[in-house]
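model_7.csv follows; it contains CSV, C-alpha atoms.
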```csv
chain,number,residue,atom,x,y,z
A,292,MET,CA,-30.8,-11.8,20.6
A,293,THR,CA,-30.5,-9.7,17.4
A,294,CYS,CA,-29.1,-12.7,15.5
A,295,ALA,CA,-31.9,-14.9,16.8
A,296,VAL,CA,-34.4,-12.5,15.3
A,297,LEU,CA,-32.4,-12.2,12.1
A,298,VAL,CA,-32.2,-16.0,11.8
A,299,SER,CA,-35.9,-16.4,12.0
A,300,SER,CA,-36.3,-13.7,9.3
A,301,GLY,CA,-33.5,-15.3,7.1
A,302,GLY,CA,-31.0,-12.5,7.6
A,303,CYS,CA,-28.2,-14.3,9.5
A,304,TYR,CA,-27.0,-17.3,7.4
A,305,LEU,CA,-23.7,-18.8,8.6
A,306,PRO,CA,-22.1,-20.8,5.7
A,307,SER,CA,-18.7,-22.5,6.0
A,308,PRO,CA,-15.8,-20.5,4.7
A,309,PRO,CA,-14.4,-21.6,1.3
A,310,SER,CA,-11.7,-24.2,1.4
A,311,LEU,CA,-8.6,-23.0,-0.5
A,312,THR,CA,-5.9,-25.0,-2.3
A,313,ILE,CA,-3.0,-23.8,-4.3
A,314,GLY,CA,-0.4,-25.9,-6.1
A,315,PRO,CA,2.9,-25.2,-7.8
A,316,GLY,CA,3.0,-22.4,-10.3
A,317,GLU,CA,3.9,-22.6,-14.0
A,318,VAL,CA,5.8,-20.2,-16.1
A,319,SER,CA,3.3,-18.3,-18.2
A,320,SER,CA,5.5,-15.7,-19.9
A,321,VAL,CA,9.2,-15.0,-20.5
A,322,SER,CA,10.7,-11.7,-21.5
A,323,ALA,CA,14.0,-9.8,-21.3
A,324,ASP,CA,12.7,-8.3,-18.0
A,325,GLY,CA,12.2,-11.8,-16.4
A,326,VAL,CA,9.4,-14.4,-16.2
A,327,VAL,CA,5.9,-14.5,-14.8
A,328,MET,CA,4.8,-17.6,-12.9
A,329,THR,CA,1.1,-18.1,-12.5
A,330,PHE,CA,-0.4,-20.0,-9.6
A,331,THR,CA,-4.0,-21.3,-9.6
A,332,LEU,CA,-6.0,-20.9,-6.4
A,333,GLU,CA,-9.0,-23.2,-6.1
A,334,ALA,CA,-11.8,-22.0,-3.8
A,335,THR,CA,-14.4,-24.7,-2.9
A,336,ASN,CA,-17.8,-24.0,-1.5
A,337,ASP,CA,-19.6,-26.9,0.2
A,338,THR,CA,-22.7,-25.0,1.1
A,339,ASP,CA,-26.0,-24.7,-0.8
A,340,ARG,CA,-25.6,-21.0,-1.4
A,341,GLU,CA,-23.3,-19.0,-3.8
A,342,LEU,CA,-20.3,-17.4,-2.0
A,343,PRO,CA,-19.1,-14.1,-3.4
A,344,LEU,CA,-15.4,-13.6,-3.3
A,345,MET,CA,-14.5,-10.0,-2.7
A,346,GLY,CA,-10.7,-9.7,-3.0
A,347,VAL,CA,-7.4,-11.5,-2.8
A,348,ARG,CA,-4.2,-10.4,-1.2
A,349,TYR,CA,-0.9,-12.3,-1.7
A,350,ARG,CA,2.9,-12.2,-1.4
A,351,ALA,CA,5.6,-14.3,-3.1
A,352,TRP,CA,9.2,-15.0,-2.3
A,353,LEU,CA,12.1,-16.8,-4.0
A,354,THR,CA,14.0,-19.0,-1.6
A,355,GLY,CA,17.3,-20.3,-2.8
A,356,VAL,CA,21.0,-20.3,-2.2
A,357,ALA,CA,21.1,-16.6,-1.6
A,358,GLY,CA,18.4,-16.8,1.0
A,359,ARG,CA,14.8,-15.5,0.9
A,360,THR,CA,14.0,-12.6,-1.4
A,361,GLU,CA,10.5,-11.0,-1.6
A,362,LEU,CA,9.3,-10.9,-5.2
A,363,PHE,CA,5.9,-9.5,-5.2
A,364,GLU,CA,2.9,-8.3,-3.2
A,365,ALA,CA,-0.6,-7.6,-4.5
A,366,GLU,CA,-4.1,-7.0,-3.5
A,367,ARG,CA,-6.9,-7.1,-6.1
A,368,SER,CA,-10.5,-8.0,-6.8
A,369,ALA,CA,-11.1,-11.7,-6.8
A,370,GLN,CA,-13.6,-11.2,-9.7
A,371,ALA,CA,-15.3,-14.4,-8.9
A,372,SER,CA,-18.0,-16.1,-6.9
A,373,VAL,CA,-17.9,-19.7,-5.8
A,374,PRO,CA,-21.1,-21.5,-6.9
A,375,ARG,CA,-23.1,-23.5,-4.4
A,376,GLU,CA,-21.5,-26.9,-3.9
A,377,GLY,CA,-18.9,-25.9,-6.5
A,378,THR,CA,-15.4,-24.6,-7.2
A,379,SER,CA,-13.9,-21.5,-8.7
A,380,ARG,CA,-10.4,-20.9,-9.9
A,381,ILE,CA,-8.4,-17.7,-9.6
A,382,ARG,CA,-5.1,-17.1,-11.4
A,383,LEU,CA,-2.4,-15.3,-9.4
A,384,PRO,CA,0.5,-14.0,-11.5
A,385,VAL,CA,3.9,-13.6,-9.8
A,386,PRO,CA,6.5,-11.6,-11.8
A,387,ILE,CA,10.1,-12.7,-11.2
A,388,PRO,CA,12.7,-10.0,-12.4
A,389,ALA,CA,15.6,-11.1,-14.5
A,390,SER,CA,17.9,-10.1,-11.7
A,391,ALA,CA,16.5,-12.9,-9.5
A,392,LEU,CA,17.1,-15.6,-12.2
A,393,ALA,CA,20.2,-17.7,-12.5
A,394,VAL,CA,22.0,-18.2,-15.8
A,395,THR,CA,23.0,-21.7,-16.8
A,396,GLY,CA,26.2,-22.7,-18.7
A,397,ASP,CA,24.5,-22.5,-22.0
A,398,GLY,CA,23.1,-19.0,-21.3
A,399,GLN,CA,19.5,-20.0,-20.4
A,400,ARG,CA,17.8,-18.2,-17.5
A,401,THR,CA,16.3,-20.4,-14.9
A,402,ILE,CA,14.6,-19.9,-11.5
A,403,ASP,CA,17.2,-20.9,-9.0
A,404,GLY,CA,15.2,-21.9,-5.9
A,405,GLU,CA,11.6,-22.3,-4.9
A,406,VAL,CA,8.9,-19.7,-5.3
A,407,GLU,CA,6.7,-19.5,-2.2
A,408,ILE,CA,3.3,-17.8,-2.1
A,409,GLU,CA,0.9,-17.1,0.7
A,410,GLY,CA,-2.2,-14.9,1.1
A,411,SER,CA,-5.8,-14.6,1.9
A,412,ILE,CA,-9.1,-14.2,0.1
A,413,ARG,CA,-12.0,-12.1,1.4
A,414,TYR,CA,-15.4,-13.5,1.0
A,415,ARG,CA,-18.9,-12.4,1.9
A,416,LYS,CA,-21.3,-14.7,3.7
A,417,GLY,CA,-24.9,-14.7,2.8
A,418,GLY,CA,-27.7,-12.9,4.6
A,419,ARG,CA,-28.6,-9.3,5.0
A,420,LEU,CA,-26.5,-8.9,8.2
A,421,TYR,CA,-23.3,-10.1,6.5
A,422,ARG,CA,-23.9,-8.1,3.4
A,423,THR,CA,-24.2,-5.0,5.6
A,424,LEU,CA,-21.0,-5.9,7.6
A,425,SER,CA,-19.2,-6.6,4.3
A,426,ASP,CA,-20.3,-3.2,2.9
A,427,LEU,CA,-18.7,-1.7,6.1
A,428,GLY,CA,-15.4,-3.5,5.3
A,429,LEU,CA,-15.9,-6.3,7.8
A,430,SER,CA,-15.8,-9.3,5.4
A,431,ARG,CA,-14.3,-12.7,6.4
A,432,ARG,CA,-10.9,-14.1,5.2
A,433,SER,CA,-9.6,-17.6,4.3
A,434,TRP,CA,-5.9,-18.3,4.0
A,435,PHE,CA,-3.6,-20.2,1.6
A,436,ARG,CA,0.1,-21.0,1.3
A,437,TRP,CA,2.4,-22.9,-1.2
A,438,PRO,CA,4.4,-25.0,-0.5
```

What would you get if you wrote out this structure as structure tokens?
Amino acid sequence: MTCAVLVSSGGCYLPSPPSLTIGPGEVSSVSADGVVMTFTLEATNDTDRELPLMGVRYRAWLTGVAGRTELFEAERSAQASVPREGTSRIRLPVPIPASALAVTGDGQRTIDGEVEIEGSIRYRKGGRLYRTLSDLGLSRRSWFRWP
């Protein structure tokens, strides 16, 4: 009943969640401490209203000969909104310590295995009711994973 009243007053808009895609990462920096791989997360909004992204939480692992090793876990602000009927890109850095890298015969360091990443993004739906719920910490999530 409450939502019916809010719908008629424009306060209960139910947009689709953003669709999320993530592809392979690329090495973005190299130092004596290790390397940083950066993954690009694309959030697509197929609705006619802007979709504010609130935060992103993600974890990364290195899976190789030695098994699966957790590399990194982070939660941060998404610092983006997805425009109506548009796409936003969010860069997710994953540090890989030198101790997790293999050394080739010529002394080069290399990532020996596959970096996996998974996580979720919090977003706020439109309408007064959803803004209030979001302010109370009850925002919605969409999930992503690579590979």

Requested in this report: Please provide the set of residues having any atom within 9 Å of segment 375-383 of chain A, restricted to all atoms listed in the file, with same-chain residues fewer than 5 positions apart removed, written as an MDAnalysis selection string.
Outcome: chainID A and resid 316 328:342 349 369:370

Report task. May I ask for the distance between atom CA of Glu366 of chain A and atom CA of Thr312 of chain A, given in Å to one decimal place? Result ->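 Separation between atom CA of Glu366 of chain A and atom CA of Thr312 of chain A: 18.1 Å.
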
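Picture a line from atom CA of Arg432 of chain A to atom CA of Pro386 of chain A; it runs 24.5 Å.
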
Query raised in the report: In Å, how far is it from atom CA of Trp352 of chain A to atom CA of Ser411 of chain A?
Result: 15.6 Å

**Report entry** Spatial neighbours of segment 357-359 of chain A, 10 Å, only C-alpha atoms, chain gap at least 3 places, as number ranges by chain
**Finding:** A: 352-354, 362, 391, 403-407

Requested in this report: Would you mind telling me which residue in A:Val326, A:Ile387, A:Ile313, A:Met345 lies nearest to Val373 of chain A when using only C-alpha atoms?
Outcome: A:Met345

Query raised in the report: Counting only C-alpha atoms, which of A:Ala371, A:Ile402, A:Val356, A:Leu344 gets nearest to Pro309 of chain A?
Result: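 Of the candidates, the smallest distance to Pro309 of chain A is held by A:Leu344.
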
Query raised in the report: From the set A:Ala351, A:Ile412, A:Val327, A:Val318, which residue has the shortest atom-to-atom contact distance to Pro388 of chain A, counting all atoms listed in the file?
Result: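 Ranked by minimum distance to Pro388 of chain A, first place goes to A:Val327.
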
Query raised in the report: Of the candidates A:Pro308, A:Pro438, A:Gly410, A:Gly396, which shows the shortest atom-to-atom distance to Ala365 of chain A, using all atoms listed in the file?
Result: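 Closest to Ala365 of chain A of all the choices is A:Gly410.
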
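If you count all atoms listed in the file and ignore residues fewer than 2 places along the chain from Leu392 of chain A, what sits within 6 Å of it is Ala389, Ser390, Arg400, Thr401 and Ile402 of chain A.
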
Requested in this report: With a distance cut-off of 6 Å and all atoms listed in the file, select the neighbouring residues of Pro343 of chain A, excluding the residue or stretch itself and same-chain residues fewer than 6 positions from it, and output the selection as a PyMOL selection string.
Outcome: chain A and resi 372+414-415
